[in-house]
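Here is the structure we will look at, set down as structure tokens.
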Amino acid sequence: MCTSSQIISSLFVLSAMEIGFGIASVALGAVNIGWRQALKPQLGDSSPFLICGICGIVCAKKKSGLIMILFSACCICGLIGGILNFQFLRALGKGTAFVYPIHVASMSMACLGIAGCTLSAWLTCRLASNEQQRMFLEREHSLHHSHEMTDKDISDNTGNGIPQIMQNGRPS
């Protein structure tokens, strides 16, 4: 089983890769805009990967429940956006006899982003599970400790609720 620190470091690396996929996708879209006069097809946008990566880094640093929920929502949006972008690019490729290398690169970025979002969502679930288990163990330890303290207080008191004076370890 992975420790929480291993999951956090994996999530951090995966989020940095998602940011890279998002930047590369936006850059490919900008290159296509420059080539738009020569080439008619347009490329889709995979900027949800960029947003997903930024939320992932925040999630890896904060580890709060609300941030994990926000990051999971961003992963789902990244998945949906990536799948739609891939379908859009695939439909553009069917209309021409030649598939432009920039289309292949954009489709590859979309596939890598989809895979990254899937792994990020899975890692977030693992992190939430580890945090829930850690909090349960802390609460259980706290309850056990409070029972020990209660037992000690009861043995120190007599029936009237006034603590006895101890001399040489015995009540007087």
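Each chain in the structure tokens gets a letter, A, B and so on, in the order shown; residues start at 1 in every chain, and ligands are counted from 1 in the order they appear.
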Within 12 Å of region 4-22 of chain A, which residues of region 81-148 of chain A show up? Give each one with its shortest atom-to-atom distance in Å (one decimal) and the two atoms involved, counting only C-alpha atoms, rows by chain then rising residue number, as a tab-separated table.
```
residue	atom	partner	partner_atom	distance
A:Gly81	CA	A:Gly22	CA	11.4
A:Gly82	CA	A:Gly22	CA	10.3
A:Ala105	CA	A:Phe21	CA	10.9
A:Ser106	CA	A:Phe21	CA	9.8
A:Met107	CA	A:Phe21	CA	11.2
A:Ser108	CA	A:Phe21	CA	9.6
A:Met109	CA	A:Phe21	CA	6.0
A:Ala110	CA	A:Phe21	CA	8.0
A:Cys111	CA	A:Phe21	CA	9.8
A:Leu112	CA	A:Phe21	CA	7.4
A:Gly113	CA	A:Phe21	CA	6.1
A:Ile114	CA	A:Glu18	CA	9.3
A:Ala115	CA	A:Glu18	CA	9.6
A:Gly116	CA	A:Glu18	CA	6.4
A:Cys117	CA	A:Glu18	CA	7.7
A:Thr118	CA	A:Leu14	CA	10.5
A:Leu119	CA	A:Leu14	CA	8.0
A:Ser120	CA	A:Leu11	CA	6.4
A:Ala121	CA	A:Leu11	CA	9.4
A:Trp122	CA	A:Leu11	CA	9.7
A:Leu123	CA	A:Leu11	CA	6.5
A:Thr124	CA	A:Leu11	CA	7.7
A:Cys125	CA	A:Ile7	CA	10.1
A:Arg126	CA	A:Ile7	CA	7.5
A:Leu127	CA	A:Ile7	CA	6.4
A:Ala128	CA	A:Ser4	CA	9.4
A:Ser129	CA	A:Ser4	CA	9.5
A:Asn130	CA	A:Ser4	CA	6.3
A:Glu131	CA	A:Ser4	CA	7.7
A:Gln132	CA	A:Ser4	CA	11.1
A:Gln133	CA	A:Ser4	CA	10.6
A:Arg134	CA	A:Ser4	CA	9.5
```
Between CA of Val104 (chain A) and CA of Ile83 (chain A) - distance in Å to one decimal: 14.9 Å
Spatial neighbours of Leu70 (chain A), 12 Å, only C-alpha atoms, chain gap at least 2 places, as JSON, numbers by chain: {"A": [51, 52, 53, 54, 55, 56, 57, 58, 59, 62, 63, 64, 65, 66, 67, 68, 72, 73, 74, 75, 76, 77, 121, 124]}
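The closest residue to Pro48 (chain A), picked from A:Ile102, A:Leu143, A:Leu92, A:Leu84 and counting only C-alpha atoms, is A:Leu84.
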CA of Asn85 (chain A) to CA of Phe71 (chain A), straight-line distance in Å: 20.3 Å
Separation of CA of Pro101 (chain A) from CA of Ser47 (chain A), in Å and rounded to one decimal: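 If I compute the distance from CA of Pro101 (chain A) to CA of Ser47 (chain A), I get 19.9 Å.
For the set A:Ser142, A:Cys2, A:Phe86, A:Ile69, the residue with the smallest atom-to-atom gap to Ser25 (chain A) is A:Phe86, counting only C-alpha atoms.
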